[in-house]
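The block underneath contains the structure these notes are about, expressed in structure tokens.
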6 protein chains.
Amino acid sequence: MSRPSFPVNRLKTKLAAGQPVAGSFLFTGEPALVEIMGYAGLDFVVIDTEHTPNDSLQVQHLVRAAELAGITPVVRVLANCSACILRALDVGAQALLIPQINSAAEAEAAVRAAKYGPQGERGMAGIVRAARYGFVPLGEYIQAANENTMVIVQVESMAAVHNLDAILTVDGVDAVFIGPADLSQSMGLTGQFENSEFRRTVHDVIDRAKAAGVRVGIFCAKAAEARYWREAGADMLAVGTDTMLFAAAVRDLVKDLG
Amino acid sequence: MSRPSFPVNRLKTKLAAGQPVAGSFLFTGEPALVEIMGYAGLDFVVIDTEHTPNDSLQVQHLVRAAELAGITPVVRVLANCSACILRALDVGAQALLIPQINSAAEAEAAVRAAKYGPQGERGMAGIVRAARYGFVPLGEYIQAANENTMVIVQVESMAAVHNLDAILTVDGVDAVFIGPADLSQSMGLTGQFENSEFRRTVHDVIDRAKAAGVRVGIFCAKAAEARYWREAGADMLAVGTDTMLFAAAVRDLVKDLG
Amino acid sequence: MSRPSFPVNRLKTKLAAGQPVAGSFLFTGEPALVEIMGYAGLDFVVIDTEHTPNDSLQVQHLVRAAELAGITPVVRVLANCSACILRALDVGAQALLIPQINSAAEAEAAVRAAKYGPQGERGMAGIVRAARYGFVPLGEYIQAANENTMVIVQVESMAAVHNLDAILTVDGVDAVFIGPADLSQSMGLTGQFENSEFRRTVHDVIDRAKAAGVRVGIFCAKAAEARYWREAGADMLAVGTDTMLFAAAVRDLVKDLG
Amino acid sequence: MSRPSFPVNRLKTKLAAGQPVAGSFLFTGEPALVEIMGYAGLDFVVIDTEHTPNDSLQVQHLVRAAELAGITPVVRVLANCSACILRALDVGAQALLIPQINSAAEAEAAVRAAKYGPQGERGMAGIVRAARYGFVPLGEYIQAANENTMVIVQVESMAAVHNLDAILTVDGVDAVFIGPADLSQSMGLTGQFENSEFRRTVHDVIDRAKAAGVRVGIFCAKAAEARYWREAGADMLAVGTDTMLFAAAVRDLVKDLG
Amino acid sequence: MSRPSFPVNRLKTKLAAGQPVAGSFLFTGEPALVEIMGYAGLDFVVIDTEHTPNDSLQVQHLVRAAELAGITPVVRVLANCSACILRALDVGAQALLIPQINSAAEAEAAVRAAKYGPQGERGMAGIVRAARYGFVPLGEYIQAANENTMVIVQVESMAAVHNLDAILTVDGVDAVFIGPADLSQSMGLTGQFENSEFRRTVHDVIDRAKAAGVRVGIFCAKAAEARYWREAGADMLAVGTDTMLFAAAVRDLVKDLG
Amino acid sequence: MSRPSFPVNRLKTKLAAGQPVAGSFLFTGEPALVEIMGYAGLDFVVIDTEHTPNDSLQVQHLVRAAELAGITPVVRVLANCSACILRALDVGAQALLIPQINSAAEAEAAVRAAKYGPQGERGMAGIVRAARYGFVPLGEYIQAANENTMVIVQVESMAAVHNLDAILTVDGVDAVFIGPADLSQSMGLTGQFENSEFRRTVHDVIDRAKAAGVRVGIFCAKAAEARYWREAGADMLAVGTDTMLFAAAVRDLVKDLG
Ligand SMILES: [Mg+2]
Ligand SMILES: [Mg+2]
Ligand SMILES: [Mg+2]
Ligand SMILES: [Mg+2]
Ligand SMILES: [Mg+2]
Ligand SMILES: [Mg+2]
């Protein structure tokens with residue numbers, strides 16, 4: 001019997017080593033695009049289920065594609081709900097992106113749902129896909145799961161900014177992730193990503209997270225933006241989505257053809 | 001580049017013009033039936049996810065079929081939950097039917113989930129399918145989405161009837177929709193749609209909605225029933241489901257064959 | 001262990017008893033419509049894969065629905081190809097409708113693909129779904145399969161009419177089935193189903209089949225047509241498709257609503 | 001018209017007759033495995049949606065397979081949520097397994113969601129699949145549904161053990177079901193199923209349930225364990241999962257091949 | 001009733017007007033990418049089923065997406081087989097790309113399968129999706145289908161080049177399409193797209209097609225290549241595939257991020 | 001960029017090293033069962049599409065699961081058809097099992113369809129999944145594909161036995177595979193696997209293949225049978241199917257429970 005090993009979490013490993021990481025969001029449900037992201041060298045893919053119709057069986061196909069291509073599958077759950085978190089983890093998500101976290105209590109609930117006891121209360125079934133159907137022995141699996149599973153909470157409202165320091169102290173939160181679109185909406189500055197008040201706020205979140213020793217991620221529309229925020233201290237750069245990248249490529253093609 | 005336009009909401013347009021609208025429910029997951037409803041001239045189809053197993057990826061296929069055939073896709077969400085509302089809208093639902101709304105507060109929560117700021121707090125991703133993957137510019141998209149997306153709340157319990165006047169004043173509620181089956185159950189008159197107390201209640205809901213200037217819809221088993229309630233003031237007639245229409249057609253066929 | 005029995009083929013049983021049978025075509029891929037056809041009392045459903053995109057996994061879902069509802073699942077294969085026939089049978093089709101059979105040799109090939117040895121050369125795997133995954137013992141299964149599986153060949157061209165007598169003598173052909181649309185096209189009378197030459201031809205096919213002691217089926221657009229051809233000797237009346245029945249029902253609804 | 005009857009609930013019938021029942025969990029989404037469980041003689045299959053990615057459309061395919069093979073389809077919902085319960089029942093689940101029930105109030109909520117009025121408040125649509133698309137008359141359907149649908153609550157935390165007596169008095173709870181993995185986690189004894197304190201607790205739950213006249217089920221890894229707990233009073237033995245049974249079979253095969 | 005019209009074939013219209021057209025291949029099965037291609041302004045998308053696993057039900061979803069976005073859906077069938085051609089057309093393909101056509105007889109067979117009588121022998125069912133489920137009247141539908149459906153044959157072997165003049169005279173062949181990969185393989189120059197003998201051959205095919213008044217298409221890896229061949233006389237430029245465009249975009253992103 | 005490598009073909013490597021290999025057939029479409037086979041230590045899985053409804057998109061999911069678990073994905077195509085072979089290879093099959101090969105000419109056709117030029121005429125698209133979407137450079141990919149892809153032909157009729165020596169000389173045939181069920185049918189000894197004439201024939205096929213230096217595989221119902229034929233010289237032992245293994249496990253469970 002060829003004992004399967006628990007998959008390496010490239011996102012976690014690099015962040016732990018103090019290296020910035022780069023990835024993108026998946027807004028379609030196409031496993032081929034996940035493989036391509038991995039082969040091209042991205043560190044992680046956020047398989048979105050909040051703004052997309054990706055159901056759980058599709059998420060499982062996408063997680064398999066990510067593992068195959070050596071890219072860390074992060075699942076953005078549809079809400080901070082323990083059943084959603086459980087399902088994403090049981091199919092093999094190696095990190096969770098939790099939308100709309102506005103308080104330490106909400107962050108704690110997310111961690112509780114994501115970790116087995118004693119750290120948390122994740123429902124236990126030792127033979128799920130994440131446990132390689134039981135081929136990883138239970139004790140080893142639980143330890144590996146609790147160590148490797150990342151909880152990343154989205155800071156995307158003024159309430160979250162207000163409560164940021166408390167959120168940053170929550171044990172088990174691996175990173176905060178800035179959602180510019182909703183944050184700008186919450187500030188009454190929808191889509192004004194160049195607005196100085198908006199940018200000050202983003203800088204402030206990054207600075208406070210860094211000061212607290214917590215990793216910080218951000219969604220960026222383009223590579224230039226990602227380089228800017230990386231310079232400013234962000235560790236986890238999520239650049240666009242598969243659909244944005246593809247749309248830009250097709251637009252360029254149409255332009256190139258004259 | 002052929003700029004896509006935001007799709008016309010035939011349901012909204014006709015109601016705004018004071019015209020009654022006719023549609024039906026989809027209880028299967030079959031896009032062909034949606035296209036047929038549209039080609040036959042119905043104004044809207046309610047893609048149900050409350051009493052059916054239609055998952056989100058299937059809803060997306062059904063919404064595409066509705067847009068193609070020029071029939072307004074209404075999605076009945078499985079519950080008054082903001083994540084469910086978000087997902088339905090992001091794939092392109094032009095109207096929401098929210099089950100079991102029993103108070104103004106519940107109706108307000110539905111509106112909040114359905115509208116972008118400042119009217120609401122719908123999670124924002126400007127490149128979802130509803131925004132034609134970003135081909136409709138953000139500002140234009142947000143304005144069109146907030147104007148065109150309809151929130152229709154189901155009045156289907158005595159609690160809802162009791163709180164109707166408050167529900168009717170909620171800003172952003174485009175219509176109330178009477179659910180006879182659950183309403184009759186709530187009155188202890190399950191399935192007694194000819195009962196006089198039941199009918200008085202339905203008339204009362206219609207009358208109060210009309211008086212408040214709010215559109216009112218109702219589920220009808222047959223065309224005759226729809227004509228009756230239209231006469232009584234209902235604007236939005238949902239007649240049967242795809243499965244009911246089909247079952248009746250096959251029964252008739254078997255009878256005709258002798 | 002509750003030994004599963006080989007399912008009863010209602011289509012075969014009734015035809016064997018000299019009774020006419022009634023059914024319809026499935027042009028969607030929706031299992032609910034199959035169940036409804038069965039509950040409403042139709043004898044068979046033709047799950048089409050020639051003019052529809054129904055892939056094999058979907059056919060399997062549809063066959064399960066048919067068995068559940070006690071209606072005989074007939075699969076119209078996409079062509080007279082032995083691999084297609086094998087796959088349809090292995091998932092549980094109880095009868096095959098083979099399009100475009102123009103000669104005795106073609107009919108013989110269909111029979112050969114549909115029957116185990118010594119009657120035919122159907123590829124054997126004794127543990128397919130049709131064999132209830134091996135719960136029906138091999139010997140019993142083979143006998144039941146060869147006895148119960150029906151081969152119905154479509155007569156839908158002048159070539160077929162010309163070669164009809166030879167086709168009718170092929171051992172293992174349970175019925176011939178007239179395809180009016182393609183037959184009319186082949187006669188240069190596309191869609192002229194009231195044309196007297198066309199009707200004479202159909203009568204002729206029915207009469208020759210009856211004389212040869214072979215059952216005869218026909219596709220009919222409406223119940224009246226089915227009654228007419230039943231009167232004329234047809235045994236197997238396939239009236240419309242799910243989509244035709246549904247489209248007519250929605251059109252009637254729109255008309256009824258005024 | 002061949003009136004469909006409401007399907008027999010073999011799980012309920014045998015338990016009502018005082019007979020123990022045996023089944024297994026389905027952790028894949030494969031209908032063939034459900035049929036095989038039924039043909040092999042198991043009484044019930046728990047179609048899991050808590051620890052698996054099985055979406056609703058897949059659950060419907062699995063329920064059809066279960067009905068076909070005469071095995072009772074139990075659906076473990078993803079959480080004690082009324083919309084989830086409704087969807088599972090409407091596609092045809094004959095019993096619900098509700099995870100993480102820790103109080104009488106939670107058990108009451110589950111029952112309320114599972115039963116039509118006046119016993120509960122299950123949302124009503126008389127033409128769903130469970131009602132055979134309306135072919136079972138409404139009154140008959142409601143009565144049959146309320147009588148046959150089983151509510152089985154999972155006791156899998158110290159809180160639940162603490163509140164067990166109250167839970168056992170809840171009207172409409174057909175059985176309690178012990179979840180050893182989560183119970184052991186909750187006791188700080190994760191996976192120590194041989195621990196004497198753990199076993200005493202399980203015996204205690206069984207004894208108190210029996211004393212209260214409530215059926216009791218338990219998940220067992222192997223047949224020997226199931227025989228032990230049956231001896232101890234458990235009525236409903238769920239032995240392993242499809243994936244566990246299959247993994248053991250393949251491991252044995254590899255060993256046998258040397 | 002809002003009579004649906006037969007969809008406009010933008011590819012055909014522009015070619016008929018003497019304008020070059022631009023498109024791309026779809027190698028995934030993702031409808032979102034098809035919509036994006038359309039919104040970005042491409043004229044056609046080749047939904048591939050030869051080198052991809054796209055099954056028929058998926059093709060139907062993709063065709064709907066193409067119609068929605070106003071881009072012409074071309075289906076590359078898996079082989080020159082009449083049943084494959086029929087299925088692609090019946091779900092709504094507006095053009096066929098037929099691989100590996102090496103002789104006039106093969107091209108004639110493709111045309112025969114693609115056109116209704118008297119031009120061809122396409123199997124007729126007047127209520128398929130292509131006919132808008134019967135909402136387009138039969139006579140009108142047949143005429144529109146025969147006029148609008150394009151047959152494009154792939155010239156991708158030395159045999160085809162040898163027989164090109166005969167192929168070009170086949171009535172009903174709308175365009176020849178050069179497949180550089182297979183053509184280079186056939187010449188023993190696999191992948192040597194800059195080889196002078198290879199390029200001479202491509203020029204020769206283009207020149208002969210133009211001389212014969214037949215449109216000519218070609219697969220190009222990049223926009224520059226497309227501009228080159230357009231200059232050389234090619235009318236129909238298919239640039240890359242969704243996966244190639246996406247892979248290039250992700251590679252660029254990774255490079256841009258440094 | 002992390003250059004993906006062409007996956008290792010464990011089946012080929014072990015056979016090349018003179019080691020026997022063990023595997024099983026997949027008759028369901030469930031990726032979890034494929035992963036389990038791999039984790040348990042089997043060398044290969046035959047993903048069947050001849051006797052199962054597995055469509056191409058499902059095959060692709062199954063191939064990904066196999067690669068993930070380090071087990072060689074063999075695809076049994078539905079027939080010896082070049083388009084079927086192409087599709088299976090392009091999604092990533094590492095070996096083909098071709099049913100019903102009865103002559104050297106048929107075996108040659110299979111090889112031709114499976115290999116790129118100059119060895120064969122496999123249709124070329126250098127950016128399919130097998131080529132890691134173009135991340136493996138074309139030249140390297142073609143060489144690796146031609147070297148690693150195995151062609152295994154089924155010997156399962158008296159005609160094949162008769163023509164065996166010629167089949168064994170066909171360049172590019174990596175192994176012959178004995179199909180006992182069809183072979184016994186062809187001999188008029190359906191299912192009589194203990195019959196001495198049948199066994200002599202199997203021994204003869206093995207002996208002649210070994211003498212010709214060609215590997216030989218066989219389907220075995222149980223491990224004991226596999227050990228027997230391995231002893232007799234067979235190299236590639238395919239023991240049962242997922243459904244057979246599972247059915248046996250459930251039957252044993254039911255028996256064990258008493
Ligand atoms: Mg957000
Ligand atoms: Mg309701
Ligand atoms: Mg025909
Ligand atoms: Mg649990
Ligand atoms: Mg080619
Ligand atoms: Mg065979």
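Residue numbers start at 1 in each chain; chains themselves are named A, B, ... in the order of the structure tokens; ligands are numbered from 1 in the order shown.
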Next on the checklist: Using only C-alpha atoms, I'd like every residue of chain B that has an atom within 9 Å of chain E; please write them out as an MDAnalysis selection string.
Outcome noted: chainID B and resid 1:4 32 35:36 38:42 61 64:65 67:70 129 132:133 135
Next on the checklist: So that I can see what lies close to stretch 89-105 of chain F, please list as a list in words the residues with an atom at most 6 Å from it, counting only C-alpha atoms and leaving out residues fewer than 2 positions away in the same chain.
Outcome noted: Gln60, Pro73, Val74, Val75, Arg76, Val77, Asn80, Leu86, Arg87, Ala107, Glu108, Val128, Arg129, Ala130, Thr149, Met150, Val151, Ile152, Val153, Gln154, Ala159, Ala160, Asn163, Ala166 and Ile167 of chain F
Next on the checklist: Quick check for you: according to DSSP on this backbone, which residues of stretch 22-231 of chain F are classed as alpha helix (DSSP H)? Reply as a PyMOL selection string.
Outcome noted: chain F and resi 31-40+56-69+82-91+104-114+138-148+158-162+164-168+180-186+196-211+223-231
Item to check | Nearby residues, ligand 6, 6 Å, only C-alpha atoms and all ligand atoms, as a list in words | outcome: Gly123 and Met124 of chain C; Pro99, Gly179 and Asp182 of chain F
Can you write just those residues out, C-alpha atoms, as a short mmCIF file (atom, residue, chain, number, x, y, z; two decimals), in the first residue's frame?
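This is the output file again-v5.cif:
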data_model
loop_
_atom_site.label_atom_id
_atom_site.label_comp_id
_atom_site.auth_asym_id
_atom_site.auth_seq_id
_atom_site.Cartn_x
_atom_site.Cartn_y
_atom_site.Cartn_z
CA GLY C 123 -20.84 -7.75 -25.59
CA MET C 124 -21.15 -9.48 -22.27
CA PRO F 99 -12.48 -4.13 -27.07
CA GLY F 179 -11.91 -11.01 -21.92
CA ASP F 182 -17.04 -12.64 -24.38
#
Checklist entry - Which residues, written as a VMD selection string, have at least one atom at most 12 Å from D:Gln119, with only C-alpha atoms counted and residues fewer than 3 positions away on the same chain left out? => result (chain B and resid 185 to 186 188) or (chain D and resid 108 to 116 122 142 to 143 145 to 147 171 to 172)
Item to check | strand (DSSP E or B) per DSSP on the backbone: members of stretch 104-204 of chain B, as a list in words | outcome: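 Put together, the selection reads Met150, Val151, Ile152, Val153, Gln154, Val155, Ala175, Val176, Phe177 and Ile178 of chain B.
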Residues from last step as file, N, CA and C atoms, as an mmCIF file, in the first residue's frame:
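Contents of the output file again30.cif:
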data_model
loop_
_atom_site.group_PDB
_atom_site.id
_atom_site.type_symbol
_atom_site.label_atom_id
_atom_site.label_comp_id
_atom_site.auth_asym_id
_atom_site.auth_seq_id
_atom_site.Cartn_x
_atom_site.Cartn_y
_atom_site.Cartn_z
ATOM 1 N N MET B 150 -35.965 43.172 -8.813
ATOM 2 C CA MET B 150 -37.205 43.258 -8.043
ATOM 3 C C MET B 150 -37.149 42.356 -6.807
ATOM 4 N N VAL B 151 -37.727 42.853 -5.733
ATOM 5 C CA VAL B 151 -37.862 42.050 -4.514
ATOM 6 C C VAL B 151 -39.347 41.802 -4.285
ATOM 7 N N ILE B 152 -39.705 40.557 -4.345
ATOM 8 C CA ILE B 152 -41.114 40.164 -4.190
ATOM 9 C C ILE B 152 -41.187 39.243 -2.981
ATOM 10 N N VAL B 153 -41.992 39.603 -2.009
ATOM 11 C CA VAL B 153 -42.002 38.833 -0.761
ATOM 12 C C VAL B 153 -43.279 38.006 -0.658
ATOM 13 N N GLN B 154 -43.106 36.790 -0.166
ATOM 14 C CA GLN B 154 -44.269 35.913 -0.085
ATOM 15 C C GLN B 154 -45.030 36.132 1.216
ATOM 16 N N VAL B 155 -46.321 36.364 1.046
ATOM 17 C CA VAL B 155 -47.249 36.475 2.182
ATOM 18 C C VAL B 155 -47.963 35.137 2.224
ATOM 19 N N ALA B 175 -43.374 43.917 -4.794
ATOM 20 C CA ALA B 175 -44.673 43.255 -4.815
ATOM 21 C C ALA B 175 -44.755 42.283 -3.643
ATOM 22 N N VAL B 176 -45.965 42.016 -3.213
ATOM 23 C CA VAL B 176 -46.195 40.899 -2.286
ATOM 24 C C VAL B 176 -46.816 39.778 -3.120
ATOM 25 N N PHE B 177 -46.518 38.569 -2.726
ATOM 26 C CA PHE B 177 -46.977 37.410 -3.507
ATOM 27 C C PHE B 177 -47.644 36.431 -2.545
ATOM 28 N N ILE B 178 -48.883 36.137 -2.825
ATOM 29 C CA ILE B 178 -49.674 35.273 -1.939
ATOM 30 C C ILE B 178 -49.403 33.801 -2.244
#
Item to check | 10 Å contact set for D:Ala221, only C-alpha atoms, chain neighbours under 5 positions out, as a list in words | outcome: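 In the requested form, the answer reads Ser24, Pro180, Ala226, Ala238, Val239, Gly240, Thr241, Met244 and Leu245 of chain D.
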Next on the checklist: Env of C:Asp207: 9 Å cut, atoms = only C-alpha atoms, seq-sep filter 4 positions within chain, self excluded. Answer as a list of chain:residue names.
Outcome noted: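 Those residues are C:Val202, C:His203, C:Ala211, C:Ala212, C:Ala232, C:Gly233, C:Ala234.
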Could the residues in this selection be written to a file with C-alpha atoms, as an mmCIF file, in the first residue's frame?
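Output contents, as saved in out.cif:
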data_model
loop_
_atom_site.group_PDB
_atom_site.id
_atom_site.type_symbol
_atom_site.label_atom_id
_atom_site.label_comp_id
_atom_site.auth_asym_id
_atom_site.auth_seq_id
_atom_site.Cartn_x
_atom_site.Cartn_y
_atom_site.Cartn_z
ATOM 1 C CA VAL C 202 -48.198 4.549 -44.321
ATOM 2 C CA HIS C 203 -51.280 2.344 -44.669
ATOM 3 C CA ALA C 211 -49.828 -9.452 -42.595
ATOM 4 C CA ALA C 212 -46.336 -10.576 -41.629
ATOM 5 C CA ALA C 232 -55.809 1.357 -39.173
ATOM 6 C CA GLY C 233 -53.892 -1.375 -37.398
ATOM 7 C CA ALA C 234 -50.975 0.285 -35.631
#
Checklist entry - Quick one: distance from atom CA of C:Leu15 to atom CA of C:Tyr228 in Å, one decimal? => result 18.3 Å
Item to check | Option closest in space to E:Cys84, from E:Glu194, E:Asp174, E:Glu50, E:Glu30 [counting only C-alpha atoms] | outcome: E:Glu50
